[in-house]
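Only one structure is covered here, and it is reproduced in the block below.
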Amino acid sequence: MHLSSEDGYFELECETMDECDLIKSMEFAIQQLQDVIEIAPGMCRILLNRYNWNVDKLLENYYSSPELDAEVFLRKARLLPAEDMIVSDGGPLEGDCDICLEAGQLDGLACGHTACSECWKGYLNEKIREGQSEIECMASDCDLLIDDQKILLHITDQRVVDLLRRQQINSYVEHNSRLRWCPTQGCEKAVKIREFGHGVVRCMACKNRFCFGCGFEIHEPLDCELLRIWLKKCKDDSETQNWLIANTKDCPKCGAAIEKNGGCNRMVCKKCNHEFCWSCMQKWDVHGYTIACNKFDDSKDKDATNGIQKSRAALRRYLHYFNRFSNHRNSMRLETKLKEAIENKMVYLQQHSMSWIEVQFLEQAVEVLRECRRTLMYSYGFAYYLTKESNYSLMFEDNQSDLEMATEQLSDILERKTEEEDKIIHLKQIIQDKMNYVNRRRLIILEYCRNGVDSGELEFNVQI
Ligand SMILES: [Zn+2]
Ligand SMILES: [Zn+2]
Ligand SMILES: [Zn+2]
Ligand SMILES: [Zn+2]
Ligand SMILES: [Zn+2]
Ligand SMILES: [Zn+2]
């Protein structure tokens, strides 16, 4: 694990694996286990799922069980039927099928439950299509798991075989504590960490980074657990907040509808030229880049006594944080357009006056802006759960507002001033200074939160 110098995330060393690599490493682990315990590979696979694919831990458990008896071990994993059940060798026999009642050749499991081949096929097809990779015996009172090889005896449709294979690979990745699917749409690679730790990983196929702990995009300063409850809350309350996510608001002066089409929160009404802050709707000339609107003012709610007043106060508080969380998320999306504009600008500048190296600062500035939006966005989920009693937590809000105001300034410079090409060259120094400053503010708040959480100075009003 190392702290990435340029953007301050802890990166874990890892390798990127495609389907072939995954199959190979899955089969390797199965082989390792088979060398010690002589059971079918399909049983090994299910056993290893129980031990998160840690072969050593599995064997340690196996050797420390008093009986040192593979059968006891397999029974616990539901790979062998309970002792008091009729144990057959599962081979074919003649008789009436319990399911369709037709006479013919029957096939069964070690638990003694049998059915005809057609019934097995129908049952297994259905379970595989449901997405299962560990399938129980067909009898309703029997939880014996069916060995992979046995399943394949009954499946003839190649598409179903492929589907099962994919589900097995998926279950391998999901159970393996060193592996995590890359969350990028359509990437379908998995990332394997070398050593356990908290941090982010980079998929070498799509170059995206994500949180190894939960597989979600990077979400510092929130930790994985707080992120989970925050996102759940946002989802549960989605109706209340729909109006907030809207990209149009009415101008507070003339009432004209204003659409937000850039990331910057400093808005100008096209009709009456009134300037205001998109987050809090205050007039810009009082707000500017100096008044922080990140803090929630709970003074009005201090005297809330009855249930209705209290729940209204709680809602007001939540919406304050959600509004800002969602604003930065929107800005981040809108700024992907800015990225395209900047890229065009870079091409233009290279055709005219500047070299490739000389224009790289623009791309860096857009990257810095994006990471600032991300940090700010999750810092509002963080702030929502933070108990604001210590000085340390009040200082957090100051850090947050410093970062927020500096970010809006950078966004403003990048959005407004890039129209005139020749100005860019003169703006280079200003943009670079602002970008370095903003990035420093971001590293400071991340560091501040990490230290606060580690030392216990920052406490949360939820039980995790
Ligand atoms: Zn049948
Ligand atoms: Zn059974
Ligand atoms: Zn990827
Ligand atoms: Zn996470
Ligand atoms: Zn207006
Ligand atoms: Zn504001």
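In the structure tokens, chains take the letters A, B, ... in the order shown, each chain's residues start at 1, and ligands count up from 1 in the order shown.
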Exercise. Which protein, DNA or RNA residues have an atom within 10 Å of ligand 2, counting only C-alpha atoms and all ligand atoms, as a list in words?
Worked result: Leu80, Pro81, Met85, Ile86, Val87, Gly108, Leu109, Ala110, Cys111, Gly112, His113, Thr114, Glu136, Cys137, Met138, Ala139, Ser140, Asp141, Cys142, Asp143, Leu144, Leu145 and Ile146 of chain A
Exercise. What's the 9 Å shell around A:Gln105, counting only C-alpha atoms, without same-chain residues fewer than 2 positions away, as number ranges by chain?
Worked result: A: 92-97, 103, 107, 115-117
For this session: Identify, with DSSP run on backbone atoms, the residues in stretch 171-272 of chain A assigned to helix (DSSP H, G or I), and express the list as a list in words.
Result: Ser171, Tyr172, Val173, Glu174, His175, Cys224, Glu225, Leu226, Leu227, Arg228, Ile229, Trp230, Leu231, Lys232, Lys233, Cys234, Lys235, Asp236, Ser238, Glu239, Thr240, Gln241, Asn242, Trp243, Leu244 and Ile245 of chain A
For this session: DSSP on the backbone, then: every residue of stretch 239-408 of chain A marked strand (DSSP E), written as a list in words.
Result: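 These are the residues in question: Thr248, Lys249, Asp250, Ala257, Ile258, Glu259, Arg266, Met267, Val268, Glu275, Phe276 and Cys277 of chain A.
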Deliver the residues from the most recent selection as a file, using C-alpha atoms, as an mmCIF file, in the first residue's frame.
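Final output, saved to result19.cif:
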data_model
loop_
_atom_site.group_PDB
_atom_site.id
_atom_site.type_symbol
_atom_site.label_atom_id
_atom_site.label_comp_id
_atom_site.auth_asym_id
_atom_site.auth_seq_id
_atom_site.Cartn_x
_atom_site.Cartn_y
_atom_site.Cartn_z
ATOM 1 C CA THR A 248 -33.722 23.863 -13.262
ATOM 2 C CA LYS A 249 -34.573 26.364 -10.559
ATOM 3 C CA ASP A 250 -36.458 29.645 -10.655
ATOM 4 C CA ALA A 257 -36.530 29.210 -15.034
ATOM 5 C CA ILE A 258 -32.780 28.754 -15.086
ATOM 6 C CA GLU A 259 -31.135 25.609 -16.295
ATOM 7 C CA ARG A 266 -22.265 30.717 -9.331
ATOM 8 C CA MET A 267 -25.351 31.309 -11.446
ATOM 9 C CA VAL A 268 -26.366 34.245 -13.619
ATOM 10 C CA GLU A 275 -26.351 36.427 -9.748
ATOM 11 C CA PHE A 276 -26.892 33.855 -7.025
ATOM 12 C CA CYS A 277 -25.539 30.674 -5.432
#
Taking only C-alpha atoms and all ligand atoms into account, list the residues no farther than 9 Å from ligand 4, as a PDB file with C-alpha atoms, in the first residue's frame.
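result_7.pdb, freshly written:
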ATOM      1  CA  HIS A 198      -8.014  -0.460   2.990  1.00  0.00           C
ATOM      2  CA  GLY A 199      -7.617   1.576  -0.105  1.00  0.00           C
ATOM      3  CA  VAL A 200      -8.307   2.054  -3.752  1.00  0.00           C
ATOM      4  CA  PHE A 210     -12.373   2.214  -7.242  1.00  0.00           C
ATOM      5  CA  CYS A 211     -12.668   1.351  -3.563  1.00  0.00           C
ATOM      6  CA  PHE A 212     -11.516  -2.211  -2.950  1.00  0.00           C
ATOM      7  CA  GLY A 213     -13.476  -2.413   0.290  1.00  0.00           C
ATOM      8  CA  CYS A 214     -16.904  -2.111  -1.315  1.00  0.00           C
ATOM      9  CA  GLY A 215     -16.333  -2.036  -5.075  1.00  0.00           C
ATOM     10  CA  PHE A 216     -17.922   1.400  -5.367  1.00  0.00           C
ATOM     11  CA  GLU A 217     -16.237   4.503  -6.810  1.00  0.00           C
ATOM     12  CA  ILE A 218     -13.780   6.301  -4.524  1.00  0.00           C
ATOM     13  CA  HIS A 219     -15.763   7.841  -1.667  1.00  0.00           C
ATOM     14  CA  GLU A 220     -13.389   9.354   0.887  1.00  0.00           C
ATOM     15  CA  LEU A 222     -16.830   8.500   4.013  1.00  0.00           C
ATOM     16  CA  ASP A 223     -15.846   4.952   4.874  1.00  0.00           C
ATOM     17  CA  CYS A 224     -17.534   1.996   3.175  1.00  0.00           C
ATOM     18  CA  GLU A 225     -20.065   1.403   5.939  1.00  0.00           C
ATOM     19  CA  LEU A 227     -21.332   5.234   2.497  1.00  0.00           C
ATOM     20  CA  ARG A 228     -23.663   2.260   2.453  1.00  0.00           C
TER      21      ARG A 228
END
With a distance cut-off of 12 Å and only C-alpha atoms, select the neighbouring residues of A:Ile229, excluding the residue or stretch itself and same-chain residues fewer than 5 positions from it, and output the selection as a PDB file with N, CA, C and O atoms, in the first residue's frame.
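What ended up in selection.pdb:
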ATOM      1  N   LEU A 222     -15.919   9.508   3.461  1.00  0.00           N
ATOM      2  CA  LEU A 222     -16.830   8.500   4.013  1.00  0.00           C
ATOM      3  C   LEU A 222     -16.149   7.140   3.975  1.00  0.00           C
ATOM      4  O   LEU A 222     -15.480   6.829   3.000  1.00  0.00           O
ATOM      5  N   ASP A 223     -16.348   6.321   5.004  1.00  0.00           N
ATOM      6  CA  ASP A 223     -15.846   4.952   4.874  1.00  0.00           C
ATOM      7  C   ASP A 223     -16.952   4.084   4.263  1.00  0.00           C
ATOM      8  O   ASP A 223     -18.081   4.543   4.085  1.00  0.00           O
ATOM      9  N   CYS A 224     -16.602   2.842   3.931  1.00  0.00           N
ATOM     10  CA  CYS A 224     -17.534   1.996   3.175  1.00  0.00           C
ATOM     11  C   CYS A 224     -18.879   1.837   3.892  1.00  0.00           C
ATOM     12  O   CYS A 224     -19.928   1.867   3.259  1.00  0.00           O
ATOM     13  N   CYS A 234     -30.387   8.045   1.000  1.00  0.00           N
ATOM     14  CA  CYS A 234     -30.705   8.859  -0.180  1.00  0.00           C
ATOM     15  C   CYS A 234     -31.721   8.140  -1.065  1.00  0.00           C
ATOM     16  O   CYS A 234     -32.612   8.755  -1.638  1.00  0.00           O
ATOM     17  N   LYS A 235     -31.564   6.830  -1.167  1.00  0.00           N
ATOM     18  CA  LYS A 235     -32.457   6.054  -2.018  1.00  0.00           C
ATOM     19  C   LYS A 235     -33.858   5.988  -1.396  1.00  0.00           C
ATOM     20  O   LYS A 235     -34.859   6.205  -2.077  1.00  0.00           O
ATOM     21  N   ASP A 236     -33.903   5.723  -0.082  1.00  0.00           N
ATOM     22  CA  ASP A 236     -35.194   5.617   0.601  1.00  0.00           C
ATOM     23  C   ASP A 236     -35.968   6.927   0.563  1.00  0.00           C
ATOM     24  O   ASP A 236     -37.188   6.939   0.526  1.00  0.00           O
ATOM     25  N   GLY A 381     -21.995  13.666   2.969  1.00  0.00           N
ATOM     26  CA  GLY A 381     -22.513  12.475   3.645  1.00  0.00           C
ATOM     27  C   GLY A 381     -21.812  12.323   4.989  1.00  0.00           C
ATOM     28  O   GLY A 381     -22.416  12.010   6.011  1.00  0.00           O
ATOM     29  N   PHE A 382     -20.511  12.579   4.964  1.00  0.00           N
ATOM     30  CA  PHE A 382     -19.670  12.525   6.160  1.00  0.00           C
ATOM     31  C   PHE A 382     -20.191  13.519   7.203  1.00  0.00           C
ATOM     32  O   PHE A 382     -20.389  13.178   8.372  1.00  0.00           O
ATOM     33  N   TYR A 384     -23.101  14.820   7.451  1.00  0.00           N
ATOM     34  CA  TYR A 384     -24.447  14.491   7.927  1.00  0.00           C
ATOM     35  C   TYR A 384     -24.393  13.604   9.170  1.00  0.00           C
ATOM     36  O   TYR A 384     -25.177  13.758  10.098  1.00  0.00           O
ATOM     37  N   TYR A 385     -23.453  12.679   9.189  1.00  0.00           N
ATOM     38  CA  TYR A 385     -23.363  11.741  10.316  1.00  0.00           C
ATOM     39  C   TYR A 385     -22.456  12.220  11.442  1.00  0.00           C
ATOM     40  O   TYR A 385     -22.378  11.597  12.491  1.00  0.00           O
ATOM     41  N   VAL A 462     -24.212   7.602  14.335  1.00  0.00           N
ATOM     42  CA  VAL A 462     -24.812   6.312  13.979  1.00  0.00           C
ATOM     43  C   VAL A 462     -23.974   5.197  14.564  1.00  0.00           C
ATOM     44  O   VAL A 462     -22.762   5.326  14.715  1.00  0.00           O
ATOM     45  N   GLN A 463     -24.638   4.106  14.849  1.00  0.00           N
ATOM     46  CA  GLN A 463     -23.932   2.928  15.326  1.00  0.00           C
ATOM     47  C   GLN A 463     -23.566   2.087  14.118  1.00  0.00           C
ATOM     48  O   GLN A 463     -24.437   1.745  13.330  1.00  0.00           O
ATOM     49  N   ILE A 464     -22.286   1.828  13.944  1.00  0.00           N
ATOM     50  CA  ILE A 464     -21.904   0.991  12.799  1.00  0.00           C
ATOM     51  C   ILE A 464     -21.548  -0.409  13.286  1.00  0.00           C
ATOM     52  O   ILE A 464     -20.836  -0.567  14.240  1.00  0.00           O
TER      53      ILE A 464
END
Exercise. Neighbours of ligand 6 within 7 Å, counting only C-alpha atoms and all ligand atoms, as number ranges by chain?
Worked result: A: 277-282, 287, 292-293
Output C-alpha atoms of each residue in that selection to a file, as a JSON list (two decimals), in the first residue's frame.
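again_6.json, freshly written:
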[["chain", "number", "residue", "atom", "x", "y", "z"],
["A", 277, "CYS", "CA", -25.54, 30.67, -5.43],
["A", 278, "TRP", "CA", -27.13, 27.52, -6.82],
["A", 279, "SER", "CA", -26.77, 25.71, -3.47],
["A", 280, "CYS", "CA", -28.39, 28.19, -1.12],
["A", 281, "MET", "CA", -30.00, 30.68, -3.57],
["A", 282, "GLN", "CA", -28.37, 33.66, -1.83],
["A", 287, "HIS", "CA", -22.27, 35.35, -0.95],
["A", 292, "ALA", "CA", -19.57, 29.57, 3.31],
["A", 293, "CYS", "CA", -22.95, 27.94, 2.86]]
Problem set entry | Nearby residues (only C-alpha atoms) at most 6 Å from stretch 323-333 of chain A, same-chain spacing under 6 positions excluded, as a ChimeraX atom specification | /A:263,373,377,380
For this session: Choose the residue, out of A:Tyr9, A:Phe28, A:Trp181, A:Tyr289, that has the smallest atom-to-atom separation from ligand 3; count only C-alpha atoms and all ligand atoms.
Result: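 Smallest separation from ligand 3 among the options: A:Trp181.
Shortest separation to ligand 3 among A:Gly255, A:Pro183, A:Gly42, A:Pro221 occurs at residue A:Pro183, atoms counted being only C-alpha atoms and all ligand atoms.
Note that the spacing between atom CA of A:Leu47 and atom CA of A:Glu27 amounts to 13.3 Å.
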For this session: Please identify the residues whose atoms come within 7 Å of ligand 3, using only C-alpha atoms and all ligand atoms, and report them as a list in words.
Result: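 The residues within 7 Å of ligand 3, counting only C-alpha atoms and all ligand atoms, are Cys182, Pro183, Thr184, Cys187, Glu188, Lys189, Cys203, Met204, Ala205, Cys206, Lys207 and Asn208 of chain A.
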